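S.K.: Handing you a structure now.
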Amino acid sequence: MTAAGAAAPGALALPLVLIGPMGAGKSRVGQKLAAQTGAPFVDTDARIVERYGPIEEIFAREGEEYFRIVEREIVAEALAEEAVVSLGGGAVLHPATRIDLAELPVVWLQVSAAAVAPRLAGSARPLIAQGGIEAWTRIRDERAPVYASLADLAIDTSRRSVARIVTDITERFGGTA
C-alpha cells in the first residue's frame, strides 16, 4: 500500500474504497464501517442520484455511455475525499478510475448468485432489468478480473454478517470496530 492509503495508528486508512458487483453489500458495509470508525461515507451511486436523478432514468434517457461519464466525474470527486467510498459495480471499468484505485486501499466485496438473487428481487437496476440473475452473473464474471486486479482484500459477503465484514476490514486497514 502506498502513502496515500497509509493509516495512522488506530485510524482507518482513507479514502478506503469498496468495489464489487451490484448487490454485494457495498452500501451497507460502507455505512457501518464509516459509522464505526467515525469516517464520512460516500456512496457514488447515491451521489449520482442526488445530482442527476435516478440511474435507471439516466440510462433510459441518455444511455450507458453518458452514465459512465457522469459516474467518472462523481467517482473522481469521491476518491479525493477522506471517506469510506462505495463505488457502483461498473465504476472500475473506467481506466482513470483504475489508475486512481492503484494508490488506495481497496476492498472487493464478493457475493454468490444464490445469495444476491433475493437482494436484487424487484430491482430496477438497468443492466439486469431484462436479464435477471443470468445477466447479473455474466456481468459479475466479466468484471471479476478487474476487481481482482484492484483489490487489496477480498471478502465474500454471501454468508457473513456486516459486523464481521467490518471487523475484517478494520483489522486489515486500521480503525476501530
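Identifiers in this document derive from the order of the C-alpha cells: chains are assigned A, B, ..., residues are numbered from 1 separately in each chain, and ligands are numbered from 1 in order of occurrence.
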Taking the DSSP secondary structure from the backbone, can you list the residues of segment 23-102 of chain A that are alpha helix (DSSP H), as a PyMOL selection string?

M.R.: chain A and resi 26-37+44-52+55-62+64-79+95-101

S.K.: Take the residues from that selection and write them out as a PDB file, in the first residue's frame, keeping C-alpha atoms.

M.R.:
ATOM      1  CA  LYS A  26     -21.076  -2.171  -0.643  1.00  0.00           C
ATOM      2  CA  SER A  27     -23.503   0.452   0.667  1.00  0.00           C
ATOM      3  CA  ARG A  28     -24.492  -1.459   3.811  1.00  0.00           C
ATOM      4  CA  VAL A  29     -20.918  -2.387   4.660  1.00  0.00           C
ATOM      5  CA  GLY A  30     -19.673   1.116   3.840  1.00  0.00           C
ATOM      6  CA  GLN A  31     -22.268   2.799   6.049  1.00  0.00           C
ATOM      7  CA  LYS A  32     -21.490   0.526   9.000  1.00  0.00           C
ATOM      8  CA  LEU A  33     -17.718   0.802   8.503  1.00  0.00           C
ATOM      9  CA  ALA A  34     -17.908   4.593   8.359  1.00  0.00           C
ATOM     10  CA  ALA A  35     -20.175   4.789  11.412  1.00  0.00           C
ATOM     11  CA  GLN A  36     -17.970   2.509  13.495  1.00  0.00           C
ATOM     12  CA  THR A  37     -14.742   4.271  12.587  1.00  0.00           C
ATOM     13  CA  THR A  44     -21.175   7.264  -5.518  1.00  0.00           C
ATOM     14  CA  ASP A  45     -24.452   5.856  -6.869  1.00  0.00           C
ATOM     15  CA  ALA A  46     -26.407   7.852  -4.271  1.00  0.00           C
ATOM     16  CA  ARG A  47     -24.452  10.978  -5.173  1.00  0.00           C
ATOM     17  CA  ILE A  48     -25.272  10.448  -8.860  1.00  0.00           C
ATOM     18  CA  VAL A  49     -28.963  10.145  -7.997  1.00  0.00           C
ATOM     19  CA  GLU A  50     -28.809  13.337  -5.898  1.00  0.00           C
ATOM     20  CA  ARG A  51     -27.310  15.348  -8.755  1.00  0.00           C
ATOM     21  CA  TYR A  52     -28.679  13.747 -11.920  1.00  0.00           C
ATOM     22  CA  ILE A  55     -29.811   5.890 -12.514  1.00  0.00           C
ATOM     23  CA  GLU A  56     -32.377   3.873 -14.470  1.00  0.00           C
ATOM     24  CA  GLU A  57     -33.728   7.171 -15.878  1.00  0.00           C
ATOM     25  CA  ILE A  58     -30.232   8.318 -16.871  1.00  0.00           C
ATOM     26  CA  PHE A  59     -29.743   5.012 -18.708  1.00  0.00           C
ATOM     27  CA  ALA A  60     -33.142   5.298 -20.428  1.00  0.00           C
ATOM     28  CA  ARG A  61     -32.753   8.971 -21.344  1.00  0.00           C
ATOM     29  CA  GLU A  62     -29.025   9.228 -22.163  1.00  0.00           C
ATOM     30  CA  GLU A  64     -24.869   3.850 -20.610  1.00  0.00           C
ATOM     31  CA  GLU A  65     -22.047   5.823 -22.244  1.00  0.00           C
ATOM     32  CA  TYR A  66     -23.346   9.112 -20.828  1.00  0.00           C
ATOM     33  CA  PHE A  67     -23.935   7.485 -17.435  1.00  0.00           C
ATOM     34  CA  ARG A  68     -20.298   6.305 -17.324  1.00  0.00           C
ATOM     35  CA  ILE A  69     -19.100   9.890 -17.982  1.00  0.00           C
ATOM     36  CA  VAL A  70     -21.233  11.198 -15.110  1.00  0.00           C
ATOM     37  CA  GLU A  71     -20.132   8.301 -12.924  1.00  0.00           C
ATOM     38  CA  ARG A  72     -16.432   9.013 -13.552  1.00  0.00           C
ATOM     39  CA  GLU A  73     -16.899  12.650 -12.555  1.00  0.00           C
ATOM     40  CA  ILE A  74     -18.565  11.651  -9.272  1.00  0.00           C
ATOM     41  CA  VAL A  75     -16.036   8.884  -8.566  1.00  0.00           C
ATOM     42  CA  ALA A  76     -13.046  11.200  -9.097  1.00  0.00           C
ATOM     43  CA  GLU A  77     -14.576  13.682  -6.675  1.00  0.00           C
ATOM     44  CA  ALA A  78     -15.315  10.990  -4.058  1.00  0.00           C
ATOM     45  CA  LEU A  79     -11.836   9.464  -4.249  1.00  0.00           C
ATOM     46  CA  PRO A  95      -9.283   3.453 -16.974  1.00  0.00           C
ATOM     47  CA  ALA A  96      -8.782   6.656 -14.943  1.00  0.00           C
ATOM     48  CA  THR A  97     -10.651   5.131 -12.003  1.00  0.00           C
ATOM     49  CA  ARG A  98      -8.416   2.063 -12.124  1.00  0.00           C
ATOM     50  CA  ILE A  99      -5.357   4.331 -12.055  1.00  0.00           C
ATOM     51  CA  ASP A 100      -6.772   6.224  -9.054  1.00  0.00           C
ATOM     52  CA  LEU A 101      -7.541   2.995  -7.190  1.00  0.00           C
TER      53      LEU A 101
END

S.K.: Would you list, as a short mmCIF file (atom, residue, chain, number, x, y, z; two decimals) with all heavy atoms, in the first residue's frame, the residues of chain A that end up in strand (DSSP E) under DSSP run on this structure's backbone?

M.R.:
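Saved to selection-v5.cif:
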data_model
loop_
_atom_site.label_atom_id
_atom_site.label_comp_id
_atom_site.auth_asym_id
_atom_site.auth_seq_id
_atom_site.Cartn_x
_atom_site.Cartn_y
_atom_site.Cartn_z
N LEU A 16 -10.84 4.79 1.79
CA LEU A 16 -10.89 3.34 1.65
C LEU A 16 -12.06 3.06 0.72
O LEU A 16 -13.14 3.62 0.90
CB LEU A 16 -11.11 2.66 3.00
CG LEU A 16 -11.09 1.13 2.92
CD1 LEU A 16 -10.32 0.56 4.09
CD2 LEU A 16 -12.48 0.56 2.88
N VAL A 17 -11.83 2.22 -0.28
CA VAL A 17 -12.81 2.06 -1.35
C VAL A 17 -13.36 0.64 -1.38
O VAL A 17 -12.61 -0.33 -1.31
CB VAL A 17 -12.16 2.40 -2.72
CG1 VAL A 17 -13.20 2.36 -3.83
CG2 VAL A 17 -11.48 3.77 -2.66
N LEU A 18 -14.68 0.54 -1.50
CA LEU A 18 -15.37 -0.73 -1.64
C LEU A 18 -15.81 -0.90 -3.08
O LEU A 18 -16.47 -0.02 -3.65
CB LEU A 18 -16.60 -0.78 -0.72
CG LEU A 18 -16.32 -0.54 0.77
CD1 LEU A 18 -17.63 -0.48 1.54
CD2 LEU A 18 -15.40 -1.60 1.33
N ILE A 19 -15.42 -2.04 -3.68
CA ILE A 19 -15.80 -2.35 -5.05
C ILE A 19 -16.47 -3.72 -5.06
O ILE A 19 -16.37 -4.48 -4.11
CB ILE A 19 -14.59 -2.34 -6.02
CG1 ILE A 19 -13.56 -3.43 -5.63
CG2 ILE A 19 -13.95 -0.95 -6.06
CD1 ILE A 19 -12.43 -3.62 -6.64
N PHE A 41 -19.01 8.74 4.92
CA PHE A 41 -19.33 7.71 3.94
C PHE A 41 -19.83 8.36 2.67
O PHE A 41 -20.68 9.27 2.72
CB PHE A 41 -20.41 6.76 4.48
CG PHE A 41 -20.89 5.76 3.46
CD1 PHE A 41 -20.03 4.79 2.96
CD2 PHE A 41 -22.19 5.79 2.99
CE1 PHE A 41 -20.44 3.87 2.02
CE2 PHE A 41 -22.62 4.87 2.05
CZ PHE A 41 -21.75 3.91 1.56
N VAL A 42 -19.31 7.91 1.53
CA VAL A 42 -19.76 8.40 0.23
C VAL A 42 -20.17 7.20 -0.62
O VAL A 42 -19.37 6.31 -0.88
CB VAL A 42 -18.64 9.18 -0.52
CG1 VAL A 42 -19.12 9.61 -1.90
CG2 VAL A 42 -18.18 10.38 0.29
N ASP A 43 -21.42 7.19 -1.03
CA ASP A 43 -21.94 6.19 -1.96
C ASP A 43 -22.05 6.90 -3.30
O ASP A 43 -22.88 7.81 -3.46
CB ASP A 43 -23.30 5.70 -1.48
CG ASP A 43 -23.90 4.63 -2.37
OD1 ASP A 43 -23.77 4.74 -3.61
OD2 ASP A 43 -24.52 3.71 -1.83
N VAL A 84 -14.92 6.65 3.58
CA VAL A 84 -15.19 5.31 3.09
C VAL A 84 -16.03 5.53 1.83
O VAL A 84 -17.07 6.21 1.89
CB VAL A 84 -15.94 4.46 4.13
CG1 VAL A 84 -16.36 3.12 3.53
CG2 VAL A 84 -15.10 4.27 5.38
N VAL A 85 -15.59 4.98 0.71
CA VAL A 85 -16.25 5.24 -0.57
C VAL A 85 -16.75 3.94 -1.18
O VAL A 85 -15.98 3.01 -1.38
CB VAL A 85 -15.29 5.94 -1.56
CG1 VAL A 85 -15.97 6.20 -2.91
CG2 VAL A 85 -14.74 7.24 -0.97
N SER A 86 -18.04 3.90 -1.49
CA SER A 86 -18.65 2.76 -2.17
C SER A 86 -18.83 3.13 -3.63
O SER A 86 -19.51 4.11 -3.94
CB SER A 86 -20.01 2.46 -1.53
OG SER A 86 -20.73 1.55 -2.32
N VAL A 106 -8.25 -0.88 -1.29
CA VAL A 106 -9.47 -1.30 -2.00
C VAL A 106 -9.92 -2.65 -1.46
O VAL A 106 -9.14 -3.60 -1.38
CB VAL A 106 -9.22 -1.39 -3.52
CG1 VAL A 106 -10.46 -1.91 -4.25
CG2 VAL A 106 -8.80 -0.03 -4.08
N VAL A 107 -11.22 -2.73 -1.13
CA VAL A 107 -11.82 -3.98 -0.67
C VAL A 107 -12.84 -4.43 -1.71
O VAL A 107 -13.75 -3.68 -2.05
CB VAL A 107 -12.52 -3.80 0.70
CG1 VAL A 107 -13.17 -5.11 1.14
CG2 VAL A 107 -11.53 -3.30 1.74
N TRP A 108 -12.66 -5.65 -2.19
CA TRP A 108 -13.58 -6.26 -3.16
C TRP A 108 -14.58 -7.10 -2.39
O TRP A 108 -14.21 -8.10 -1.77
CB TRP A 108 -12.78 -7.10 -4.14
CG TRP A 108 -13.55 -7.93 -5.11
CD1 TRP A 108 -14.85 -7.78 -5.52
CD2 TRP A 108 -13.04 -9.04 -5.86
NE1 TRP A 108 -15.18 -8.72 -6.45
CE2 TRP A 108 -14.08 -9.51 -6.68
CE3 TRP A 108 -11.81 -9.67 -5.91
CZ2 TRP A 108 -13.92 -10.60 -7.54
CZ3 TRP A 108 -11.65 -10.75 -6.77
CH2 TRP A 108 -12.71 -11.20 -7.58
N LEU A 109 -15.84 -6.68 -2.41
CA LEU A 109 -16.90 -7.46 -1.79
C LEU A 109 -17.47 -8.40 -2.84
O LEU A 109 -17.98 -7.96 -3.87
CB LEU A 109 -17.99 -6.54 -1.22
CG LEU A 109 -17.52 -5.60 -0.11
CD1 LEU A 109 -18.71 -4.80 0.44
CD2 LEU A 109 -16.81 -6.34 1.01
N GLN A 110 -17.32 -9.68 -2.57
CA GLN A 110 -17.79 -10.72 -3.48
C GLN A 110 -19.11 -11.28 -2.95
O GLN A 110 -19.38 -11.21 -1.76
CB GLN A 110 -16.76 -11.85 -3.55
CG GLN A 110 -15.39 -11.37 -3.97
CD GLN A 110 -14.31 -12.42 -3.75
OE1 GLN A 110 -14.34 -13.16 -2.77
NE2 GLN A 110 -13.37 -12.48 -4.67
N LEU A 153 -7.88 -6.55 -0.56
CA LEU A 153 -8.56 -7.50 0.30
C LEU A 153 -9.86 -7.90 -0.39
O LEU A 153 -10.56 -7.04 -0.92
CB LEU A 153 -8.87 -6.86 1.66
CG LEU A 153 -9.67 -7.68 2.68
CD1 LEU A 153 -8.86 -8.90 3.13
CD2 LEU A 153 -10.05 -6.80 3.87
N ALA A 154 -10.15 -9.20 -0.41
CA ALA A 154 -11.42 -9.71 -0.97
C ALA A 154 -12.18 -10.41 0.15
O ALA A 154 -11.61 -11.20 0.90
CB ALA A 154 -11.15 -10.68 -2.11
N ILE A 155 -13.47 -10.10 0.26
CA ILE A 155 -14.32 -10.69 1.28
C ILE A 155 -15.62 -11.15 0.63
O ILE A 155 -16.29 -10.36 -0.04
CB ILE A 155 -14.65 -9.68 2.40
CG1 ILE A 155 -13.38 -9.17 3.08
CG2 ILE A 155 -15.60 -10.30 3.43
CD1 ILE A 155 -13.61 -8.04 4.06
N ASP A 156 -15.98 -12.40 0.87
CA ASP A 156 -17.26 -12.92 0.36
C ASP A 156 -18.35 -12.54 1.36
O ASP A 156 -18.30 -12.92 2.52
CB ASP A 156 -17.19 -14.44 0.19
CG ASP A 156 -18.38 -14.99 -0.55
OD1 ASP A 156 -19.51 -14.45 -0.42
OD2 ASP A 156 -18.21 -16.00 -1.26
#

S.K.: Go through A:Gly23, A:Pro145, A:Gly174, A:Pro15 and flag the residue nearest Val116 of chain A, using only C-alpha atoms for the distances.

M.R.: A:Gly23

S.K.: Which one of A:Ser158, A:Met22, A:Val166, A:Ala102 sits closest to Ile133 of chain A if you count only C-alpha atoms?

M.R.: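 Ranking A:Ser158, A:Met22, A:Val166, A:Ala102 by distance to Ile133 of chain A, first place goes to A:Met22.
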
S.K.: What gap, in Å, lies between atom CA of Thr157 of chain A and atom CA of Leu87 of chain A?

M.R.: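 Taking atom CA of Thr157 of chain A as the start and atom CA of Leu87 of chain A as the end point, the length is 16.0 Å.
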
S.K.: Nearest residue to Ala117 of chain A out of A:Leu93, A:Leu14, A:Pro105, A:Trp136, using only C-alpha atoms?

M.R.: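 Nearest candidate to Ala117 of chain A out of A:Leu93, A:Leu14, A:Pro105, A:Trp136: A:Trp136.
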
S.K.: Find the spatial neighbours of Glu134 of chain A, counting only C-alpha atoms, within a cut-off of 10 Å - ignore same-chain residues fewer than 5 positions away - and output them as a PyMOL selection string.

M.R.: chain A and resi 113+117+128+139-140

S.K.: Output N, CA and C atoms for every residue in that selection, as a short mmCIF file (atom, residue, chain, number, x, y, z; two decimals), in the first residue's frame.

M.R.:
data_model
loop_
_atom_site.label_atom_id
_atom_site.label_comp_id
_atom_site.auth_asym_id
_atom_site.auth_seq_id
_atom_site.Cartn_x
_atom_site.Cartn_y
_atom_site.Cartn_z
N ALA A 113 -24.26 -15.86 -6.69
CA ALA A 113 -25.54 -15.62 -7.36
C ALA A 113 -26.70 -16.03 -6.47
N ALA A 117 -29.50 -13.12 -5.37
CA ALA A 117 -30.83 -13.16 -6.01
C ALA A 117 -31.91 -12.52 -5.15
N ILE A 128 -29.60 -5.23 -15.30
CA ILE A 128 -30.19 -6.56 -15.08
C ILE A 128 -31.70 -6.57 -15.24
N ILE A 139 -22.33 -10.28 -15.91
CA ILE A 139 -21.65 -9.02 -15.61
C ILE A 139 -20.61 -9.23 -14.51
N ARG A 140 -20.98 -9.93 -13.45
CA ARG A 140 -20.03 -10.21 -12.35
C ARG A 140 -18.80 -10.94 -12.88
#

S.K.: For a quick check of understanding, using only C-alpha atoms, which of A:Ala114, A:Val92, A:Val162, A:Ile169 has the smallest distance to Tyr147 of chain A?

M.R.: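 When distances to Tyr147 of chain A are compared using only C-alpha atoms, the smallest one comes from A:Val92.
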